[in-house]
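Structure data follow from my_file05.cif (mmCIF, C-alpha atoms):
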data_structure
loop_
_atom_site.label_atom_id
_atom_site.label_comp_id
_atom_site.auth_asym_id
_atom_site.auth_seq_id
_atom_site.Cartn_x
_atom_site.Cartn_y
_atom_site.Cartn_z
CA MET A 1 31.18 13.30 -9.20
CA GLN A 2 34.24 11.70 -7.69
CA SER A 3 32.12 8.96 -6.16
CA ILE A 4 30.52 8.26 -9.56
CA ILE A 5 33.94 7.96 -11.17
CA ASN A 6 35.10 5.73 -8.32
CA SER A 7 32.03 3.58 -8.73
CA ILE A 8 32.65 3.27 -12.51
CA VAL A 9 36.31 2.36 -11.95
CA LYS A 10 35.37 -0.16 -9.28
CA ASN A 11 32.78 -1.83 -11.54
CA ARG A 12 34.69 -1.39 -14.79
CA ASN A 13 34.80 -5.14 -15.47
CA LEU A 14 31.04 -5.45 -15.17
CA ILE A 15 30.53 -2.42 -17.43
CA ILE A 16 32.97 -3.75 -20.02
CA TYR A 17 31.33 -7.19 -19.81
CA LEU A 18 27.88 -5.68 -20.43
CA ILE A 19 29.17 -3.58 -23.36
CA LEU A 20 30.90 -6.58 -24.93
CA SER A 21 27.79 -8.73 -24.37
CA PHE A 22 25.69 -6.09 -26.10
CA ILE A 23 28.09 -6.03 -29.05
CA THR A 24 28.01 -9.84 -29.22
CA PHE A 25 24.23 -10.01 -29.16
CA SER A 26 24.02 -7.31 -31.83
CA PHE A 27 26.34 -9.45 -33.91
CA LEU A 28 24.16 -12.52 -33.28
CA TYR A 29 20.94 -10.63 -33.95
CA ASN A 30 22.14 -9.15 -37.21
CA ASN A 31 23.82 -12.21 -38.68
CA SER A 32 21.98 -15.29 -37.51
CA THR A 33 18.43 -15.85 -38.79
CA LEU A 34 17.66 -18.20 -35.91
CA HIS A 35 18.71 -15.68 -33.30
CA PHE A 36 17.05 -12.84 -35.19
CA ASN A 37 13.73 -14.73 -35.11
CA GLU A 38 14.03 -15.93 -31.53
CA LEU A 39 15.21 -12.59 -30.17
CA GLY A 40 12.40 -10.98 -32.19
CA LYS A 41 9.89 -13.24 -30.43
CA ILE A 42 11.36 -12.39 -27.02
CA SER A 43 11.31 -8.70 -27.89
CA THR A 44 7.67 -8.90 -29.00
CA TYR A 45 6.71 -10.76 -25.83
CA LEU A 46 8.54 -8.27 -23.58
CA SER A 47 7.14 -5.21 -25.32
CA ALA A 48 3.61 -6.66 -25.29
CA THR A 49 3.87 -7.53 -21.60
CA SER A 50 5.24 -4.13 -20.64
CA SER A 51 2.64 -2.35 -22.81
CA LYS A 52 -0.13 -4.39 -21.21
CA PHE A 53 1.18 -3.56 -17.75
CA SER A 54 1.53 0.16 -18.47
CA SER A 55 -1.83 0.33 -20.23
CA SER A 56 -3.51 -1.36 -17.26
CA ILE A 57 -2.02 1.30 -14.97
CA ILE A 58 -3.04 4.11 -17.32
CA SER A 59 -6.53 2.70 -17.76
CA TYR A 60 -6.90 2.51 -13.97
CA PHE A 61 -6.23 6.24 -13.73
CA ASN A 62 -8.65 6.85 -16.61
CA LEU A 63 -11.49 4.92 -14.96
CA ARG A 64 -13.23 8.07 -13.79
CA LYS A 65 -13.20 9.52 -17.28
CA GLU A 66 -14.36 6.22 -18.75
CA ASN A 67 -17.14 6.04 -16.19
CA GLU A 68 -18.38 9.51 -17.14
CA LYS A 69 -18.25 8.54 -20.78
CA LEU A 70 -20.31 5.42 -20.09
CA ILE A 71 -22.88 7.40 -18.10
CA SER A 72 -23.19 9.81 -20.99
CA GLU A 73 -23.67 6.95 -23.45
CA ASN A 74 -26.16 5.33 -21.11
CA LEU A 75 -28.07 8.59 -20.99
CA GLN A 76 -28.34 8.65 -24.75
CA LEU A 77 -29.55 5.06 -24.75
CA LYS A 78 -32.15 5.84 -22.08
CA LYS A 79 -33.46 8.68 -24.23
CA MET A 80 -33.74 6.35 -27.20
CA GLU A 81 -35.41 3.72 -25.05
CA SER A 82 -37.92 6.28 -23.80
CA THR A 83 -38.76 7.30 -27.30
CA TYR A 84 -39.26 3.84 -28.69
CA LYS A 85 -40.38 1.75 -25.75
CA TYR A 86 -42.78 3.91 -23.77
CA THR A 87 -44.92 4.51 -26.79
CA GLN A 88 -47.62 6.67 -25.28
CA ILE A 89 -45.04 9.30 -24.27
CA ASN A 90 -43.57 11.03 -27.25
CA GLU A 91 -40.22 12.75 -27.39
CA ASP A 92 -41.77 16.16 -26.76
CA THR A 93 -43.43 15.26 -23.47
CA LEU A 94 -40.36 13.43 -22.17
CA ASN A 95 -38.13 16.21 -23.27
CA SER A 96 -35.01 15.41 -21.37
CA ILE A 97 -33.29 12.95 -19.12
CA ASN A 98 -30.64 14.16 -16.71
CA SER A 99 -28.10 12.01 -15.04
CA ALA A 100 -27.03 12.53 -11.42
CA LYS A 101 -24.89 10.95 -8.80
CA VAL A 102 -26.18 9.86 -5.41
CA ILE A 103 -24.50 11.73 -2.57
CA VAL A 104 -26.78 10.72 0.33
CA ASN A 105 -28.84 7.56 0.49
CA SER A 106 -30.68 6.09 3.45
CA ILE A 107 -32.40 2.71 3.59
CA ASN A 108 -32.70 2.11 7.33
CA LYS A 109 -35.61 4.45 8.06
CA SER A 110 -39.31 4.26 7.33
CA LYS A 111 -39.17 7.44 5.27
CA ASN A 112 -35.99 7.09 3.29
CA ILE A 113 -34.70 9.81 1.02
CA ILE A 114 -31.91 10.10 -1.53
CA ILE A 115 -30.01 13.30 -2.27
CA ILE A 116 -28.41 13.80 -5.68
CA ASP A 117 -25.74 16.21 -6.93
CA LYS A 118 -27.99 18.04 -9.42
CA GLY A 119 -30.50 20.81 -8.76
CA LYS A 120 -32.43 23.69 -10.35
CA LEU A 121 -29.33 24.87 -12.20
CA ASP A 122 -29.22 21.51 -13.93
CA SER A 123 -32.89 21.67 -14.92
CA ILE A 124 -34.11 19.30 -12.24
CA ASN A 125 -37.78 19.96 -11.45
CA LEU A 126 -40.07 19.03 -8.60
CA ASP A 127 -42.30 15.96 -8.94
CA THR A 128 -40.28 14.27 -11.59
CA GLY A 129 -39.58 10.57 -11.72
CA VAL A 130 -36.18 9.14 -10.97
CA ILE A 131 -34.96 5.84 -12.33
CA SER A 132 -31.75 3.84 -12.44
CA SER A 133 -30.53 1.40 -15.05
CA LYS A 134 -32.62 -1.31 -13.32
CA GLY A 135 -35.88 0.55 -12.81
CA VAL A 136 -37.83 2.99 -10.66
CA VAL A 137 -36.04 4.70 -7.77
CA GLY A 138 -38.38 7.47 -6.57
CA ILE A 139 -39.72 10.98 -7.09
CA VAL A 140 -38.01 14.35 -6.73
CA LYS A 141 -39.54 16.17 -3.76
CA ASN A 142 -37.23 19.09 -3.01
CA VAL A 143 -34.87 21.00 -5.23
CA THR A 144 -32.21 23.56 -4.36
CA ASN A 145 -29.88 25.23 -6.84
CA ASN A 146 -27.36 22.39 -6.81
CA TYR A 147 -29.07 19.48 -5.09
CA ALA A 148 -32.33 17.60 -5.08
CA SER A 149 -33.92 15.20 -2.63
CA ILE A 150 -35.83 12.16 -3.77
CA ILE A 151 -38.50 10.20 -1.97
CA SER A 152 -37.31 6.69 -2.62
CA LEU A 153 -39.48 3.65 -3.15
CA LEU A 154 -38.39 2.71 0.36
CA ASN A 155 -40.56 5.42 1.86
CA THR A 156 -43.85 4.53 3.52
CA ASP A 157 -45.42 7.76 2.23
CA LEU A 158 -44.97 6.86 -1.42
CA ARG A 159 -47.71 5.11 -3.34
CA LEU A 160 -46.94 4.50 -6.94
CA ASN A 161 -49.23 3.52 -9.75
CA ALA A 162 -48.22 0.11 -11.16
CA ILE A 163 -49.46 -2.62 -13.44
CA LEU A 164 -48.67 -6.24 -14.07
CA LYS A 165 -46.70 -6.31 -17.28
CA ASN A 166 -48.43 -9.33 -18.79
CA THR A 167 -52.07 -8.68 -17.83
CA SER A 168 -52.10 -4.88 -17.51
CA THR A 169 -54.03 -5.20 -14.24
CA ILE A 170 -53.76 -1.88 -12.43
CA GLY A 171 -52.59 -1.62 -8.84
CA SER A 172 -50.27 0.40 -6.68
CA VAL A 173 -47.02 -0.34 -4.90
CA THR A 174 -46.14 0.75 -1.39
CA TRP A 175 -43.47 -0.10 1.09
CA ASP A 176 -44.39 -1.41 4.53
CA GLY A 177 -41.13 -0.28 6.09
CA LEU A 178 -39.88 -3.78 6.90
CA ASN A 179 -37.77 -5.39 4.19
CA THR A 180 -35.69 -3.14 1.91
CA ARG A 181 -35.97 -5.65 -0.95
CA ILE A 182 -39.76 -6.17 -0.79
CA LEU A 183 -42.63 -3.87 -1.79
CA LYS A 184 -46.36 -4.56 -1.50
CA LEU A 185 -48.50 -4.58 -4.62
CA ASN A 186 -52.04 -3.55 -3.67
CA ASP A 187 -55.46 -3.34 -5.28
CA ILE A 188 -55.06 -6.41 -7.51
CA PRO A 189 -58.44 -8.21 -7.40
CA HIS A 190 -58.81 -11.96 -7.02
CA SER A 191 -60.28 -12.07 -10.48
CA SER A 192 -56.86 -11.34 -11.95
CA THR A 193 -54.53 -14.15 -12.84
CA ILE A 194 -51.11 -13.71 -11.35
CA LYS A 195 -48.13 -15.96 -10.80
CA VAL A 196 -44.79 -15.80 -9.09
CA GLY A 197 -42.21 -14.19 -11.38
CA ASP A 198 -44.62 -11.75 -13.04
CA THR A 199 -43.02 -8.40 -13.65
CA VAL A 200 -44.49 -5.24 -12.13
CA VAL A 201 -43.98 -2.02 -14.09
CA THR A 202 -45.14 1.57 -13.79
CA GLY A 203 -48.72 2.08 -14.95
CA GLY A 204 -48.28 5.43 -16.65
CA MET A 205 -51.22 6.96 -14.79
CA SER A 206 -49.18 9.54 -12.88
CA PHE A 207 -47.16 12.64 -13.55
CA TYR A 208 -43.98 10.96 -12.65
CA PHE A 209 -43.32 7.96 -14.84
CA PRO A 210 -44.28 6.82 -18.29
CA LYS A 211 -45.80 3.38 -18.63
CA GLY A 212 -43.59 0.31 -18.54
CA ILE A 213 -40.62 1.19 -16.36
CA PRO A 214 -39.67 -1.90 -14.34
CA ILE A 215 -40.27 -1.91 -10.59
CA GLY A 216 -39.83 -5.53 -9.54
CA LYS A 217 -41.18 -9.07 -9.81
CA ILE A 218 -43.74 -11.00 -7.78
CA ILE A 219 -42.11 -13.42 -5.37
CA ASN A 220 -45.08 -14.30 -3.19
CA TYR A 221 -48.83 -13.73 -3.07
CA ASP A 222 -51.69 -14.55 -0.74
CA LYS A 223 -55.29 -14.97 -1.83
CA SER A 224 -56.78 -15.52 1.64
CA SER A 225 -57.80 -11.90 2.20
CA LEU A 226 -61.56 -11.46 2.63
CA GLU A 227 -61.53 -8.04 0.92
CA GLY A 228 -61.19 -9.55 -2.52
CA TYR A 229 -57.65 -8.38 -3.18
CA TYR A 230 -54.39 -10.23 -3.29
CA GLU A 231 -51.61 -9.54 -0.83
CA ILE A 232 -48.61 -9.53 -3.12
CA ASP A 233 -44.91 -9.25 -2.30
CA VAL A 234 -42.77 -7.69 -5.03
CA GLU A 235 -39.01 -7.97 -5.04
CA ILE A 236 -37.48 -4.69 -6.21
CA PHE A 237 -35.11 -4.87 -9.18
CA ASN A 238 -32.98 -2.06 -7.77
CA ASP A 239 -30.58 -2.64 -4.93
CA PHE A 240 -31.11 0.55 -2.96
CA SER A 241 -28.04 -0.03 -0.85
CA SER A 242 -25.74 0.40 -3.86
CA LEU A 243 -27.32 3.15 -5.95
CA SER A 244 -24.81 5.45 -7.61
CA ASN A 245 -25.98 6.86 -10.96
CA LEU A 246 -29.58 7.94 -11.42
CA TYR A 247 -31.61 9.41 -14.28
CA ILE A 248 -34.24 12.10 -13.80
CA LEU A 249 -37.15 12.06 -16.25
CA ASN A 250 -38.29 15.58 -17.04
CA ARG A 251 -41.76 15.86 -18.54
CA THR A 252 -42.95 19.07 -20.12
CA ASP A 253 -46.64 18.31 -19.71
CA ASN A 254 -46.70 18.02 -15.90
CA ASN A 255 -47.90 21.58 -15.39
CA GLU A 256 -50.59 21.15 -18.02
CA ILE A 257 -51.95 18.01 -16.35
CA GLN A 258 -51.72 19.65 -12.93
CA SER A 259 -53.70 22.67 -14.09
CA LEU A 260 -56.46 20.38 -15.45
CA LEU A 261 -56.64 18.59 -12.13
CA ASN A 262 -56.87 21.85 -10.23
CA GLU A 263 -59.80 23.14 -12.23
CA MET B 1 58.16 -5.64 -25.18
CA ASN B 2 59.23 -7.90 -22.39
CA ARG B 3 59.95 -11.58 -22.62
CA GLU B 4 56.86 -12.72 -20.73
CA LEU B 5 54.51 -10.83 -23.03
CA LEU B 6 56.19 -12.29 -26.11
CA LYS B 7 55.94 -15.73 -24.61
CA ASN B 8 52.23 -15.24 -23.91
CA ILE B 9 51.50 -13.91 -27.40
CA SER B 10 53.32 -16.88 -28.93
CA PHE B 11 51.35 -19.25 -26.72
CA TYR B 12 48.00 -17.66 -27.67
CA THR B 13 48.90 -17.75 -31.36
CA ILE B 14 49.88 -21.42 -31.29
CA ILE B 15 46.74 -22.40 -29.40
CA LEU B 16 44.53 -20.38 -31.78
CA ALA B 17 46.27 -21.97 -34.78
CA LEU B 18 45.76 -25.43 -33.30
CA GLN B 19 42.07 -24.68 -32.71
CA LEU B 20 41.46 -23.19 -36.16
CA LEU B 21 43.54 -25.58 -38.23
CA ILE B 22 43.16 -28.89 -36.43
CA PHE B 23 40.47 -29.02 -33.73
CA ASN B 24 37.82 -27.16 -35.72
CA GLN B 25 37.93 -30.02 -38.24
CA PHE B 26 37.63 -32.56 -35.48
CA LYS B 27 34.05 -33.96 -35.22
CA LEU B 28 33.77 -36.57 -32.51
CA PHE B 29 30.43 -38.48 -32.87
CA GLY B 30 29.75 -36.07 -35.71
CA PHE B 31 29.14 -33.06 -33.49
CA ILE B 32 31.83 -32.74 -30.79
CA THR B 33 34.49 -30.09 -31.44
CA PRO B 34 36.88 -29.68 -28.49
CA PHE B 35 37.44 -26.04 -27.61
CA ILE B 36 41.11 -26.21 -26.72
CA TYR B 37 41.46 -22.43 -26.96
CA LEU B 38 39.93 -22.35 -23.48
CA ILE B 39 43.38 -23.29 -22.19
CA ILE B 40 44.31 -19.63 -22.70
CA PHE B 41 41.75 -18.58 -20.06
CA VAL B 42 42.65 -21.47 -17.79
CA HIS B 43 46.34 -20.54 -17.81
CA TYR B 44 45.85 -16.77 -17.61
CA LYS B 45 47.72 -15.82 -14.45
CA THR B 46 45.75 -14.56 -11.47
CA THR B 47 48.13 -11.60 -11.10
CA TYR B 48 47.29 -10.29 -14.59
CA ASP B 49 44.65 -7.66 -15.09
CA LYS B 50 41.06 -8.95 -15.28
CA THR B 51 40.01 -6.20 -17.69
CA VAL B 52 42.68 -7.31 -20.16
CA LEU B 53 41.35 -10.85 -19.77
CA LEU B 54 37.85 -9.65 -20.79
CA ILE B 55 39.22 -7.90 -23.91
CA LEU B 56 41.38 -10.91 -24.72
CA GLY B 57 38.33 -13.19 -24.33
CA PHE B 58 36.32 -10.96 -26.66
CA LEU B 59 39.02 -10.92 -29.36
CA ILE B 60 39.71 -14.65 -29.23
CA GLY B 61 35.99 -15.47 -29.17
CA LEU B 62 35.43 -13.21 -32.15
CA ILE B 63 38.22 -14.89 -34.15
CA ILE B 64 36.79 -18.35 -33.40
CA ASP B 65 33.27 -17.16 -34.28
CA LEU B 66 34.42 -15.74 -37.59
CA SER B 67 36.22 -18.95 -38.45
CA MET B 68 33.36 -21.24 -37.38
CA GLN B 69 30.48 -18.99 -38.52
CA THR B 70 28.86 -19.12 -35.10
CA TYR B 71 27.97 -15.38 -35.10
CA GLY B 72 28.96 -14.51 -31.52
CA CYS B 73 28.15 -17.70 -29.60
CA HIS B 74 31.82 -18.30 -28.79
CA THR B 75 32.41 -14.64 -28.00
CA PHE B 76 29.60 -14.42 -25.48
CA SER B 77 30.54 -17.74 -23.81
CA THR B 78 34.18 -16.65 -23.64
CA ILE B 79 33.61 -13.18 -22.19
CA THR B 80 31.24 -14.71 -19.65
CA ILE B 81 33.82 -17.19 -18.34
CA CYS B 82 36.42 -14.38 -18.35
CA TYR B 83 34.08 -12.24 -16.27
CA LEU B 84 33.28 -15.11 -13.89
CA ARG B 85 36.85 -16.36 -13.66
CA GLY B 86 37.58 -14.53 -10.40
CA ARG B 87 34.64 -16.20 -8.66
CA ILE B 88 35.49 -19.60 -10.11
CA GLU B 89 39.06 -19.21 -8.82
CA LYS B 90 37.77 -18.45 -5.34
CA ASN B 91 35.38 -21.41 -5.44
CA SER B 92 38.04 -23.79 -6.66
CA PHE B 93 41.16 -22.65 -4.83
CA GLY B 94 39.65 -20.92 -1.80
CA VAL B 95 42.18 -18.83 0.17
CA ASN B 96 45.02 -19.75 -2.21
CA ALA B 97 43.28 -18.09 -5.15
CA ASN B 98 45.20 -14.81 -4.82
CA LEU B 99 48.63 -16.36 -4.55
CA PRO B 100 50.60 -15.76 -7.77
CA SER B 101 51.98 -19.30 -8.01
CA ALA B 102 48.81 -20.95 -6.90
CA MET B 103 47.39 -21.73 -10.30
CA ILE B 104 48.73 -24.88 -11.79
CA LYS B 105 51.66 -25.97 -9.73
CA ASP B 106 51.48 -26.98 -6.10
CA THR B 107 47.70 -26.87 -5.86
CA PRO B 108 45.51 -29.79 -4.83
CA LEU B 109 44.48 -31.97 -7.74
CA PHE B 110 40.80 -31.70 -6.85
CA SER B 111 40.98 -27.87 -6.91
CA ARG B 112 42.62 -27.90 -10.31
CA ILE B 113 40.07 -30.34 -11.76
CA SER B 114 37.27 -28.29 -10.27
CA PHE B 115 38.69 -25.07 -11.76
CA PHE B 116 39.23 -26.57 -15.22
CA LEU B 117 35.84 -28.26 -15.30
CA SER B 118 33.95 -25.20 -14.02
CA LEU B 119 35.37 -22.93 -16.72
CA ILE B 120 34.89 -25.48 -19.50
CA THR B 121 31.39 -26.56 -18.44
CA ILE B 122 30.06 -23.02 -18.03
CA HIS B 123 31.47 -22.16 -21.45
CA SER B 124 29.92 -25.22 -23.09
CA ILE B 125 26.50 -24.72 -21.54
CA ILE B 126 26.37 -21.07 -22.63
CA TYR B 127 27.71 -21.94 -26.07
CA TYR B 128 25.19 -24.73 -26.79
CA SER B 129 22.34 -22.69 -25.27
CA LEU B 130 23.10 -19.97 -27.81
CA ILE B 131 23.59 -22.44 -30.65
CA PHE B 132 20.23 -24.17 -30.13
CA PHE B 133 18.49 -21.13 -28.57
CA ASN B 134 15.37 -23.16 -27.83
CA ILE B 135 14.06 -23.97 -24.38
CA ASN B 136 12.45 -27.18 -25.71
CA LEU B 137 15.89 -28.55 -26.53
CA LEU B 138 17.19 -28.22 -22.99
CA SER B 139 18.09 -31.92 -22.67
CA THR B 140 20.01 -31.81 -25.99
CA ILE B 141 21.84 -28.66 -24.85
CA PHE B 142 22.97 -30.34 -21.62
CA LEU B 143 23.92 -33.59 -23.39
CA TYR B 144 26.07 -31.76 -25.95
CA ALA B 145 27.55 -29.52 -23.24
CA PHE B 146 28.37 -32.54 -21.09
CA ILE B 147 30.09 -34.57 -23.81
CA ASN B 148 31.89 -31.50 -25.14
CA SER B 149 33.07 -30.47 -21.67
CA ILE B 150 34.50 -33.92 -20.92
CA THR B 151 36.33 -34.09 -24.27
CA THR B 152 37.66 -30.54 -23.98
CA PHE B 153 38.68 -31.14 -20.37
CA ILE B 154 40.69 -34.26 -21.26
CA ILE B 155 42.54 -32.53 -24.10
CA ILE B 156 43.22 -29.33 -22.10
CA TRP B 157 44.40 -31.40 -19.12
CA ILE B 158 46.86 -33.30 -21.31
CA ILE B 159 48.18 -30.11 -22.93
CA SER B 160 48.52 -28.50 -19.48
CA ARG B 161 50.55 -31.46 -18.22
CA LEU B 162 52.81 -31.20 -21.28
CA ILE B 163 53.30 -27.46 -20.74
CA SER B 164 54.05 -27.84 -17.01
CA ASN B 165 56.51 -30.69 -17.65
CA ASN B 166 58.40 -28.48 -20.09
#
As structure tokens, please, write out the structure in this file.
Amino acid sequence: MQSIINSIVKNRNLIIYLILSFITFSFLYNNSTLHFNELGKISTYLSATSSKFSSSIISYFNLRKENEKLISENLQLKKMESTYKYTQINEDTLNSINSAKVIVNSINKSKNIIIIDKGKLDSINLDTGVISSKGVVGIVKNVTNNYASIISLLNTDLRLNAILKNTSTIGSVTWDGLNTRILKLNDIPHSSTIKVGDTVVTGGMSFYFPKGIPIGKIINYDKSSLEGYYEIDVEIFNDFSSLSNLYILNRTDNNEIQSLLNE
Amino acid sequence: MNRELLKNISFYTIILALQLLIFNQFKLFGFITPFIYLIIFVHYKTTYDKTVLLILGFLIGLIIDLSMQTYGCHTFSTITICYLRGRIEKNSFGVNANLPSAMIKDTPLFSRISFFLSLITIHSIIYYSLIFFNINLLSTIFLYAFINSITTFIIIWIISRLISNN
């Protein structure tokens, strides 16, 4: 306390100067229109700058919340998209879409898998399709109570039904285990007309995905094969090295279709 | 009330009266009004209390503002030079700054000119900055401050010589 008093006494001239300056500026502010306007502008500028600074800090700490909000909104949009875009699947068969975060993701093996933070308790079922905002990611192959593993498109065991978006020619995509950006589109006969840039989408002839979900685009094709089929390279829309939020498509009619196939 | 205080009060009153009644009406080139009241702060003895100087600066500035309708521009300029006076003394007079008789008499001419001009120029720059209060008029502010400082300096110098001769 004594040191505070000493400090005040020592700096009394500065304190008095600041008090008198404040009184003077109050006098200026209240009596002169010019100074009122100019000080008002300075005040507005300072308050706007400080508010912007503080709001940028606050918004940084709210990013996680904002991100969750955006994922939730995205989920709603995906549901709407499913209803209106993939016309052969009605809202009853594609009864729900769950979102999940990637917790493990490999791309450097021949049989890559992805593990997500949702499981049985979150209504994730086996053999359901998984997509991201850019397109197909893979298929759920194992489910525990809280986690699920997904066979990604970058897995040499996965063969997925696909079609060319423009011509509806049916084929299948596989991964040869070499380039993580390139898939092979098989079973497209020479009689089909294809060109570089054509989009490849899911064909709808599987349990996993409705028709029309983007997979990639043709970047190269070879017609020299003697078997009568093109050798087509498809660049994947998804970047598997940076997957974070995924959507799991739950279909109610999977069991029904499965039982028909088993008969 | 001692003799010195009475003498000082009389001096301040005369200077204020001169400023209010004569020099405030004086418009050199239509805009230059010499601020001869600054002589009070120039002649304020170094041995006197600096806090009293600040209060004195505030009161005199306020009186000038009220008479010239400048709403605090004089007050702020005056309290600022009163606050900075100690540093200006040290810059101008160096080691002699703390000697009681060092102010006007027996000090080098250059130190005295430097001291007078520093106080007057700082006051003028602050005053015209507040009067125009516009960054785009910076050249005008410095021009007015320069001409006003020179005029004020000449008049204060002459009055100081008259006082010291008497």
Using all atoms listed in the file, what table do you get, as JSON lines, when you list each residue of chain A with an atom no more than 9 Å from chain B, its nearest pair of atoms, and their distance in Å rounded to one decimal, rows by chain then rising number?
{"residue": "A:Arg12", "atom": "CA", "partner": "B:Thr51", "partner_atom": "CA", "distance": 7.7}
{"residue": "A:Asn13", "atom": "CA", "partner": "B:Thr51", "partner_atom": "CA", "distance": 5.8}
{"residue": "A:Leu14", "atom": "CA", "partner": "B:Tyr83", "partner_atom": "CA", "distance": 7.5}
{"residue": "A:Ile16", "atom": "CA", "partner": "B:Leu54", "partner_atom": "CA", "distance": 7.7}
{"residue": "A:Tyr17", "atom": "CA", "partner": "B:Tyr83", "partner_atom": "CA", "distance": 6.8}
{"residue": "A:Leu20", "atom": "CA", "partner": "B:Phe58", "partner_atom": "CA", "distance": 7.2}
{"residue": "A:Ser21", "atom": "CA", "partner": "B:Phe76", "partner_atom": "CA", "distance": 6.1}
{"residue": "A:Ile23", "atom": "CA", "partner": "B:Gly72", "partner_atom": "CA", "distance": 8.9}
{"residue": "A:Thr24", "atom": "CA", "partner": "B:Gly72", "partner_atom": "CA", "distance": 5.3}
{"residue": "A:Phe25", "atom": "CA", "partner": "B:Gly72", "partner_atom": "CA", "distance": 6.9}
{"residue": "A:Ser26", "atom": "CA", "partner": "B:Gly72", "partner_atom": "CA", "distance": 8.7}
{"residue": "A:Phe27", "atom": "CA", "partner": "B:Gly72", "partner_atom": "CA", "distance": 6.2}
{"residue": "A:Leu28", "atom": "CA", "partner": "B:Tyr71", "partner_atom": "CA", "distance": 5.1}
{"residue": "A:Tyr29", "atom": "CA", "partner": "B:Tyr71", "partner_atom": "CA", "distance": 8.6}
{"residue": "A:Asn30", "atom": "CA", "partner": "B:Tyr71", "partner_atom": "CA", "distance": 8.8}
{"residue": "A:Asn31", "atom": "CA", "partner": "B:Tyr71", "partner_atom": "CA", "distance": 6.3}
{"residue": "A:Ser32", "atom": "CA", "partner": "B:Tyr71", "partner_atom": "CA", "distance": 6.5}
{"residue": "A:Leu34", "atom": "CA", "partner": "B:Phe133", "partner_atom": "CA", "distance": 7.9}
{"residue": "A:His35", "atom": "CA", "partner": "B:Phe133", "partner_atom": "CA", "distance": 7.2}
{"residue": "A:Glu38", "atom": "CA", "partner": "B:Phe133", "partner_atom": "CA", "distance": 7.5}
Closest-contact table, region 153-207 of chain A side, partner region 241-250 of chain A, 12 Å, counting all atoms listed in the file, as a tab-separated table:
residue	atom	partner	partner_atom	distance
A:Leu154	CA	A:Ser241	CA	10.8
A:Thr180	CA	A:Ser241	CA	8.7
A:Arg181	CA	A:Ser241	CA	9.7
A:Phe207	CA	A:Asn250	CA	10.0
| query | Do you know which residues the PyMOL selection byres ((chain A and resi 239) around 12) returns on this file, as a ChimeraX atom specification? | reply | /A:105,107,132-137,152-154,179-182,215-216,235-238,240-244
| Got a sec to resolve the PyMOL selection byres ((chain B and resi 149) around 12) on this structure and send the residues as JSON, numbers by chain? | {"B": [32, 33, 34, 35, 36, 38, 116, 117, 118, 119, 120, 121, 122, 123, 124, 125, 126, 127, 128, 141, 142, 143, 144, 145, 146, 147, 148, 150, 151, 152, 153, 154, 155, 156, 157]}
Selected by the PyMOL selection byres ((chain A and resi 192) around 12) in the shown coordinates: which residues, as a PDB file with C-alpha atoms, in the coordinates of the input?
ATOM      1  CA  ILE A 163     -49.460  -2.620 -13.440  1.00  0.00           C
ATOM      2  CA  LEU A 164     -48.670  -6.240 -14.070  1.00  0.00           C
ATOM      3  CA  ASN A 166     -48.430  -9.330 -18.790  1.00  0.00           C
ATOM      4  CA  THR A 167     -52.070  -8.680 -17.830  1.00  0.00           C
ATOM      5  CA  SER A 168     -52.100  -4.880 -17.510  1.00  0.00           C
ATOM      6  CA  THR A 169     -54.030  -5.200 -14.240  1.00  0.00           C
ATOM      7  CA  ILE A 170     -53.760  -1.880 -12.430  1.00  0.00           C
ATOM      8  CA  GLY A 171     -52.590  -1.620  -8.840  1.00  0.00           C
ATOM      9  CA  ASP A 187     -55.460  -3.340  -5.280  1.00  0.00           C
ATOM     10  CA  ILE A 188     -55.060  -6.410  -7.510  1.00  0.00           C
ATOM     11  CA  PRO A 189     -58.440  -8.210  -7.400  1.00  0.00           C
ATOM     12  CA  HIS A 190     -58.810 -11.960  -7.020  1.00  0.00           C
ATOM     13  CA  SER A 191     -60.280 -12.070 -10.480  1.00  0.00           C
ATOM     14  CA  THR A 193     -54.530 -14.150 -12.840  1.00  0.00           C
ATOM     15  CA  ILE A 194     -51.110 -13.710 -11.350  1.00  0.00           C
ATOM     16  CA  LYS A 195     -48.130 -15.960 -10.800  1.00  0.00           C
ATOM     17  CA  LYS A 223     -55.290 -14.970  -1.830  1.00  0.00           C
ATOM     18  CA  GLY A 228     -61.190  -9.550  -2.520  1.00  0.00           C
ATOM     19  CA  TYR A 229     -57.650  -8.380  -3.180  1.00  0.00           C
ATOM     20  CA  TYR A 230     -54.390 -10.230  -3.290  1.00  0.00           C
TER      21      TYR A 230
END
| said: Can you measure CA of Ser225 (chain A) to CA of Asn186 (chain A) for me? One decimal in Å is fine. | reply: 11.7 Å
| message | Let me make sure I understand: among B:Thr140, B:Arg85, B:Ile15, B:Lys90, which one has the smallest atom-to-atom distance to Val42 (chain B) if we use all atoms listed in the file? | response |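 Counting all atoms listed in the file, the residue closest to Val42 (chain B) is B:Arg85.
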| task | Tell me, in Å to one decimal, how far CA of Glu73 (chain A) is from CA of Gly204 (chain A). | result | 25.6 Å
